file query.cif (mmCIF, C-alpha atoms)
data_entry
loop_
_atom_site.group_PDB
_atom_site.id
_atom_site.type_symbol
_atom_site.label_atom_id
_atom_site.label_comp_id
_atom_site.auth_asym_id
_atom_site.auth_seq_id
_atom_site.Cartn_x
_atom_site.Cartn_y
_atom_site.Cartn_z
ATOM 1 C CA MET D 9 -56.120 -43.364 -76.183
ATOM 2 C CA LEU D 10 -57.421 -45.610 -73.416
ATOM 3 C CA GLU D 11 -59.246 -42.702 -71.824
ATOM 4 C CA THR D 12 -61.219 -42.004 -75.023
ATOM 5 C CA LYS D 13 -62.241 -45.610 -75.187
ATOM 6 C CA SER D 14 -63.567 -45.668 -71.635
ATOM 7 C CA ASN D 15 -65.419 -42.391 -72.287
ATOM 8 C CA SER D 16 -67.177 -43.912 -75.278
ATOM 9 C CA MET D 17 -68.084 -46.942 -73.177
ATOM 10 C CA THR D 18 -69.620 -44.570 -70.614
ATOM 11 C CA THR D 19 -71.452 -42.770 -73.412
ATOM 12 C CA ILE D 20 -72.939 -46.020 -74.659
ATOM 13 C CA SER D 21 -74.256 -47.033 -71.264
ATOM 14 C CA GLU D 22 -75.438 -43.498 -70.512
ATOM 15 C CA LEU D 23 -77.464 -43.320 -73.725
ATOM 16 C CA GLN D 24 -78.691 -46.897 -73.399
ATOM 17 C CA GLU D 25 -79.826 -46.094 -69.869
ATOM 18 C CA LYS D 26 -81.807 -43.088 -71.156
ATOM 19 C CA LEU D 27 -83.319 -45.156 -73.977
ATOM 20 C CA ASP D 28 -84.362 -47.905 -71.550
ATOM 21 C CA TYR D 29 -86.756 -45.412 -69.964
ATOM 22 C CA VAL D 30 -88.205 -44.060 -73.208
ATOM 23 C CA SER D 31 -91.808 -44.998 -73.928
ATOM 24 C CA ALA D 32 -94.121 -44.188 -76.827
ATOM 25 C CA TYR D 33 -95.484 -41.155 -74.987
ATOM 26 C CA ARG D 34 -94.558 -37.991 -76.876
ATOM 27 C CA GLU D 35 -93.447 -36.096 -73.736
ATOM 28 C CA ASN D 36 -91.208 -38.995 -72.810
ATOM 29 C CA ARG D 37 -89.578 -39.056 -76.242
ATOM 30 C CA LEU D 38 -89.178 -35.276 -76.239
ATOM 31 C CA LYS D 39 -87.406 -35.407 -72.871
ATOM 32 C CA CYS D 40 -84.849 -37.912 -74.157
ATOM 33 C CA ALA D 41 -84.362 -35.894 -77.363
ATOM 34 C CA GLN D 42 -83.750 -32.820 -75.209
ATOM 35 C CA ASP D 43 -81.092 -34.759 -73.277
ATOM 36 C CA VAL D 44 -79.324 -35.541 -76.563
ATOM 37 C CA LEU D 45 -79.635 -31.920 -77.737
ATOM 38 C CA GLU D 46 -78.050 -30.765 -74.478
ATOM 39 C CA ASN D 47 -75.324 -33.446 -74.701
ATOM 40 C CA PRO D 48 -74.238 -33.571 -78.377
ATOM 41 C CA TYR D 49 -71.572 -36.191 -77.607
ATOM 42 C CA LEU D 50 -74.472 -38.692 -77.385
ATOM 43 C CA PHE D 51 -75.478 -38.085 -81.016
ATOM 44 C CA GLU D 52 -73.013 -40.395 -82.769
ATOM 45 C CA GLU D 53 -74.010 -43.285 -80.519
ATOM 46 C CA LEU D 54 -77.685 -42.501 -81.134
ATOM 47 C CA ILE D 55 -77.190 -42.870 -84.885
ATOM 48 C CA SER D 56 -75.302 -46.097 -84.386
ATOM 49 C CA ILE D 57 -78.171 -47.570 -82.326
ATOM 50 C CA CYS D 58 -80.701 -46.418 -84.964
ATOM 51 C CA PHE D 59 -79.045 -48.690 -87.501
ATOM 52 C CA SER D 60 -78.451 -51.654 -85.183
ATOM 53 C CA PRO D 61 -81.697 -53.619 -85.601
ATOM 54 C CA GLU D 62 -80.495 -56.211 -83.081
ATOM 55 C CA ASP D 63 -80.325 -53.561 -80.341
ATOM 56 C CA LYS D 64 -83.398 -53.684 -78.087
ATOM 57 C CA ASN D 65 -83.534 -49.880 -78.116
ATOM 58 C CA ASN D 66 -83.232 -49.552 -81.899
ATOM 59 C CA HIS D 67 -86.759 -48.228 -82.494
ATOM 60 C CA LYS D 68 -86.523 -45.874 -79.506
ATOM 61 C CA ALA D 69 -83.283 -44.416 -80.876
ATOM 62 C CA CYS D 70 -85.067 -43.794 -84.196
ATOM 63 C CA TRP D 71 -87.898 -41.978 -82.392
ATOM 64 C CA ILE D 72 -85.340 -39.775 -80.640
ATOM 65 C CA LEU D 73 -83.380 -39.101 -83.842
ATOM 66 C CA GLU D 74 -86.568 -37.815 -85.475
ATOM 67 C CA PHE D 75 -87.115 -35.272 -82.678
ATOM 68 C CA VAL D 76 -83.439 -34.270 -82.588
ATOM 69 C CA SER D 77 -83.537 -33.776 -86.385
ATOM 70 C CA TYR D 78 -86.324 -31.205 -86.097
ATOM 71 C CA GLU D 79 -83.932 -29.070 -84.039
ATOM 72 C CA GLU D 80 -80.449 -29.965 -85.307
ATOM 73 C CA LEU D 81 -80.712 -31.557 -88.748
ATOM 74 C CA LEU D 82 -77.193 -30.350 -89.589
ATOM 75 C CA TRP D 83 -75.781 -32.702 -86.932
ATOM 76 C CA LEU D 84 -76.459 -35.475 -89.455
ATOM 77 C CA GLN D 85 -74.177 -33.986 -92.152
ATOM 78 C CA PRO D 86 -70.993 -35.868 -91.105
ATOM 79 C CA HIS D 87 -73.003 -39.103 -90.766
ATOM 80 C CA LEU D 88 -74.942 -39.039 -94.046
ATOM 81 C CA ASP D 89 -72.983 -41.774 -95.851
ATOM 82 C CA PHE D 90 -73.527 -44.114 -92.895
ATOM 83 C CA PHE D 91 -77.174 -43.046 -92.532
ATOM 84 C CA PHE D 92 -78.188 -43.527 -96.171
ATOM 85 C CA SER D 93 -76.149 -46.674 -96.849
ATOM 86 C CA ASN D 94 -77.827 -48.352 -93.862
ATOM 87 C CA LEU D 95 -81.477 -47.520 -94.630
ATOM 88 C CA LYS D 96 -81.955 -51.041 -95.980
ATOM 89 C CA VAL D 97 -81.003 -52.676 -92.645
ATOM 90 C CA LEU D 98 -84.188 -51.342 -91.026
ATOM 91 C CA LYS D 99 -86.961 -53.933 -90.925
ATOM 92 C CA ASP D 100 -89.088 -52.916 -87.927
ATOM 93 C CA GLU D 101 -92.002 -50.573 -88.677
ATOM 94 C CA SER D 102 -91.359 -48.651 -85.443
ATOM 95 C CA SER D 103 -87.850 -47.835 -86.696
ATOM 96 C CA ILE D 104 -88.699 -47.193 -90.341
ATOM 97 C CA ARG D 105 -91.457 -44.585 -89.776
ATOM 98 C CA PRO D 106 -89.316 -41.996 -87.933
ATOM 99 C CA ILE D 107 -86.351 -42.610 -90.245
ATOM 100 C CA ALA D 108 -88.603 -42.053 -93.296
ATOM 101 C CA LYS D 109 -89.523 -38.687 -91.770
ATOM 102 C CA VAL D 110 -85.834 -37.825 -91.228
ATOM 103 C CA VAL D 111 -85.143 -38.773 -94.873
ATOM 104 C CA GLN D 112 -87.901 -36.373 -95.931
ATOM 105 C CA LEU D 113 -86.377 -33.575 -93.816
ATOM 106 C CA LEU D 114 -82.911 -34.227 -95.270
ATOM 107 C CA VAL D 115 -84.112 -34.180 -98.885
ATOM 108 C CA LYS D 116 -86.120 -30.989 -98.385
ATOM 109 C CA SER D 117 -83.107 -29.328 -96.749
ATOM 110 C CA HIS D 118 -80.765 -30.476 -99.541
ATOM 111 C CA TYR D 119 -82.875 -28.808 -102.219
ATOM 112 C CA LYS D 120 -83.487 -25.643 -100.186
ATOM 113 C CA LYS D 121 -79.906 -24.585 -100.893
ATOM 114 C CA ASP D 122 -79.536 -21.970 -98.201
ATOM 115 C CA GLN D 123 -76.518 -21.546 -95.948
ATOM 116 C CA ASN D 124 -77.756 -23.973 -93.325
ATOM 117 C CA SER D 125 -78.905 -26.707 -95.647
ATOM 118 C CA ILE D 126 -77.806 -30.302 -95.802
ATOM 119 C CA SER D 127 -75.651 -31.397 -98.716
ATOM 120 C CA LEU D 128 -76.371 -34.897 -100.029
ATOM 121 C CA SER D 129 -74.031 -36.761 -102.364
ATOM 122 C CA GLU D 130 -75.235 -38.475 -105.530
ATOM 123 C CA GLU D 131 -74.870 -41.801 -103.718
ATOM 124 C CA ASN D 132 -76.919 -40.540 -100.735
ATOM 125 C CA LEU D 133 -79.666 -39.507 -103.150
ATOM 126 C CA GLN D 134 -79.627 -42.897 -104.906
ATOM 127 C CA ASP D 135 -79.876 -44.743 -101.559
ATOM 128 C CA CYS D 136 -82.715 -42.417 -100.594
ATOM 129 C CA ILE D 137 -84.632 -43.021 -103.845
ATOM 130 C CA GLU D 138 -84.231 -46.792 -103.498
ATOM 131 C CA ALA D 139 -85.372 -46.868 -99.867
ATOM 132 C CA SER D 140 -88.325 -44.538 -100.507
ATOM 133 C CA PHE D 141 -89.599 -46.653 -103.412
ATOM 134 C CA ASP D 142 -89.120 -49.823 -101.316
ATOM 135 C CA TRP D 143 -91.156 -48.350 -98.463
ATOM 136 C CA LEU D 144 -93.815 -47.182 -100.895
ATOM 137 C CA ILE D 145 -94.351 -50.571 -102.538
ATOM 138 C CA ASN D 146 -93.800 -52.820 -99.517
ATOM 139 C CA ASP D 147 -96.170 -53.572 -96.686
ATOM 140 C CA VAL D 148 -95.466 -50.720 -94.268
ATOM 141 C CA LYS D 149 -97.872 -48.434 -92.457
ATOM 142 C CA VAL D 150 -99.453 -45.415 -94.092
ATOM 143 C CA ALA D 151 -97.304 -42.788 -92.303
ATOM 144 C CA THR D 152 -94.130 -44.294 -93.779
ATOM 145 C CA LYS D 153 -95.726 -44.421 -97.233
ATOM 146 C CA ALA D 154 -96.871 -40.791 -96.916
ATOM 147 C CA TYR D 155 -93.343 -39.626 -96.011
ATOM 148 C CA SER D 156 -91.963 -41.659 -98.926
ATOM 149 C CA ILE D 157 -94.484 -40.194 -101.394
ATOM 150 C CA ARG D 158 -93.582 -36.644 -100.354
ATOM 151 C CA THR D 159 -89.846 -37.399 -100.457
ATOM 152 C CA LEU D 160 -90.117 -38.929 -103.930
ATOM 153 C CA TYR D 161 -92.169 -35.968 -105.139
ATOM 154 C CA VAL D 162 -89.361 -33.570 -104.119
ATOM 155 C CA LEU D 163 -86.718 -35.845 -105.678
ATOM 156 C CA GLY D 164 -88.827 -36.091 -108.848
ATOM 157 C CA ASN D 165 -88.387 -32.362 -109.384
ATOM 158 C CA HIS D 166 -84.688 -33.133 -109.954
ATOM 159 C CA PHE D 167 -84.736 -36.663 -111.435
ATOM 160 C CA ASP D 168 -86.963 -36.826 -114.538
ATOM 161 C CA TRP D 169 -87.886 -40.489 -114.248
ATOM 162 C CA ILE D 170 -89.250 -40.382 -110.681
ATOM 163 C CA HIS D 171 -92.581 -38.567 -111.186
ATOM 164 C CA PRO D 172 -93.809 -40.937 -113.942
ATOM 165 C CA GLU D 173 -92.872 -43.979 -111.787
ATOM 166 C CA LEU D 174 -94.493 -42.446 -108.720
ATOM 167 C CA GLN D 175 -97.621 -41.634 -110.726
ATOM 168 C CA VAL D 176 -97.951 -45.250 -111.894
ATOM 169 C CA ILE D 177 -97.584 -46.632 -108.356
ATOM 170 C CA LEU D 178 -99.995 -44.131 -106.797
ATOM 171 C CA ASN D 179 -102.668 -44.680 -109.449
ATOM 172 C CA LYS D 180 -102.290 -48.466 -109.262
ATOM 173 C CA ASP D 181 -102.392 -48.681 -105.437
ATOM 174 C CA TYR D 182 -104.902 -45.899 -104.832
ATOM 175 C CA GLY D 183 -107.971 -48.102 -104.312
ATOM 176 C CA ASP D 184 -106.222 -50.451 -101.871
ATOM 177 C CA HIS D 185 -105.349 -47.884 -99.209
ATOM 178 C CA SER D 186 -106.758 -45.844 -96.354
ATOM 179 C CA ALA D 187 -108.221 -42.346 -96.539
ATOM 180 C CA ALA D 188 -104.939 -40.914 -95.190
ATOM 181 C CA TYR D 189 -102.926 -42.559 -97.994
ATOM 182 C CA LYS D 190 -105.453 -41.414 -100.603
ATOM 183 C CA ALA D 191 -105.272 -37.821 -99.345
ATOM 184 C CA VAL D 192 -101.481 -37.701 -99.738
ATOM 185 C CA ALA D 193 -101.630 -39.538 -103.075
ATOM 186 C CA ARG D 194 -104.268 -37.091 -104.395
ATOM 187 C CA GLU D 195 -102.254 -34.081 -103.244
ATOM 188 C CA VAL D 196 -99.052 -35.323 -104.911
ATOM 189 C CA LEU D 197 -100.750 -36.567 -108.106
ATOM 190 C CA LYS D 198 -102.345 -33.130 -108.506
ATOM 191 C CA LYS D 199 -98.880 -31.489 -108.235
ATOM 192 C CA ILE D 200 -97.328 -33.955 -110.705
ATOM 193 C CA GLU D 201 -100.113 -33.505 -113.250
ATOM 194 C CA LYS D 202 -99.812 -29.683 -113.317
#
call {"tool": "encode", "arguments": {"input": "query.cif", "output": "structure tokens"}}
result
Amino acid sequence: MLETKSNSMTTISELQEKLDYVSAYRENRLKCAQDVLENPYLFEELISICFSPEDKNNHKACWILEFVSYEELLWLQPHLDFFFSNLKVLKDESSIRPIAKVVQLLVKSHYKKDQNSISLSEENLQDCIEASFDWLINDVKVATKAYSIRTLYVLGNHFDWIHPELQVILNKDYGDHSAAYKAVAREVLKKIEK
């Protein structure tokens, strides 16, 4: 028992050490994500840091989780209850943006329904809907809003009330946003109105 504990302490410092050297440069983030992919025992700690806003490496862990998720989304399956129930603890834009992208990947995978797809519980989906609407209506950057719009569009194909709500918000906020936001809003409104 004691041995396991000391191993996890080593894991924490090993991952924290890697995260200390991560910068916003894409290559740098990819290198750290590759380290996690090659050392899956680091993954659980990575998720824990993602949802520890007080940790100085919180946003870096979120960047790395996004890249890891492109390759090994299924690694999140055993952690989904923790992941979705903690979305609301994220306050920093640098953490929210990559997590919003991971949410989008998870929802798309859930509805793909092939052998290697993610399976979300009803509670996971409710947490996801709540967080996505919060990000859409609150003051976050356009990338986060775009991920949220696309996530809510997919969810709206399965929850009747989402598309009408999304439509109202997009039409109301349309004039107040950047060209990038308007492009995504137009694309999704067109799909909803079909």
call {"tool": "resolve_selection", "arguments": {"input": "query.cif", "expression": "the PyMOL selection byres ((chain D and resi 146-157) around 8)", "output": "list in words"}}
result
Glu101, Ile104, Arg105, Pro106, Ala108, Lys109, Gln112, Ser140, Phe141, Asp142, Trp143, Leu144, Ile145, Arg158, Thr159, Leu160, Tyr161, Leu174, Ser186, Ala188, Tyr189, Val192, Ala193 and Val196 of chain D
call {"tool": "resolve_selection", "arguments": {"input": "query.cif", "expression": "the PyMOL selection byres ((chain D and resi 51-64) around 9)", "output": "ChimeraX atom specification"}}
result
/D:16,19-20,23-24,28,44-45,47-50,65-73,76,83-84,87,90-91,94-95,97-100,103,107
call {"tool": "atom_distance", "arguments": {"input": "query.cif", "atom1": "atom CA of D:Asp89", "atom2": "atom CA of D:Leu133"}}
result
10.2 Å
call {"tool": "atom_distance", "arguments": {"input": "query.cif", "atom1": "atom CA of D:Leu114", "atom2": "atom CA of D:Ile126"}}
result
6.5 Å
call {"tool": "atom_distance", "arguments": {"input": "query.cif", "atom1": "atom CA of D:Ser125", "atom2": "atom CA of D:Leu81"}}
result
8.6 Å
call {"tool": "residues_around", "arguments": {"input": "query.cif", "residues": "D:Ser129", "least_positions_apart": "6", "cutoff": "10 Å", "atoms": "only C-alpha atoms", "output": "number ranges by chain"}}
result
D: 88-89, 118, 135
call {"tool": "closest_residue", "arguments": {"input": "query.cif", "among": "D:Leu128, D:Ala191, D:Leu197, D:Val30", "to": "D:Ile177", "atoms": "only C-alpha atoms"}}
result
D:Leu197
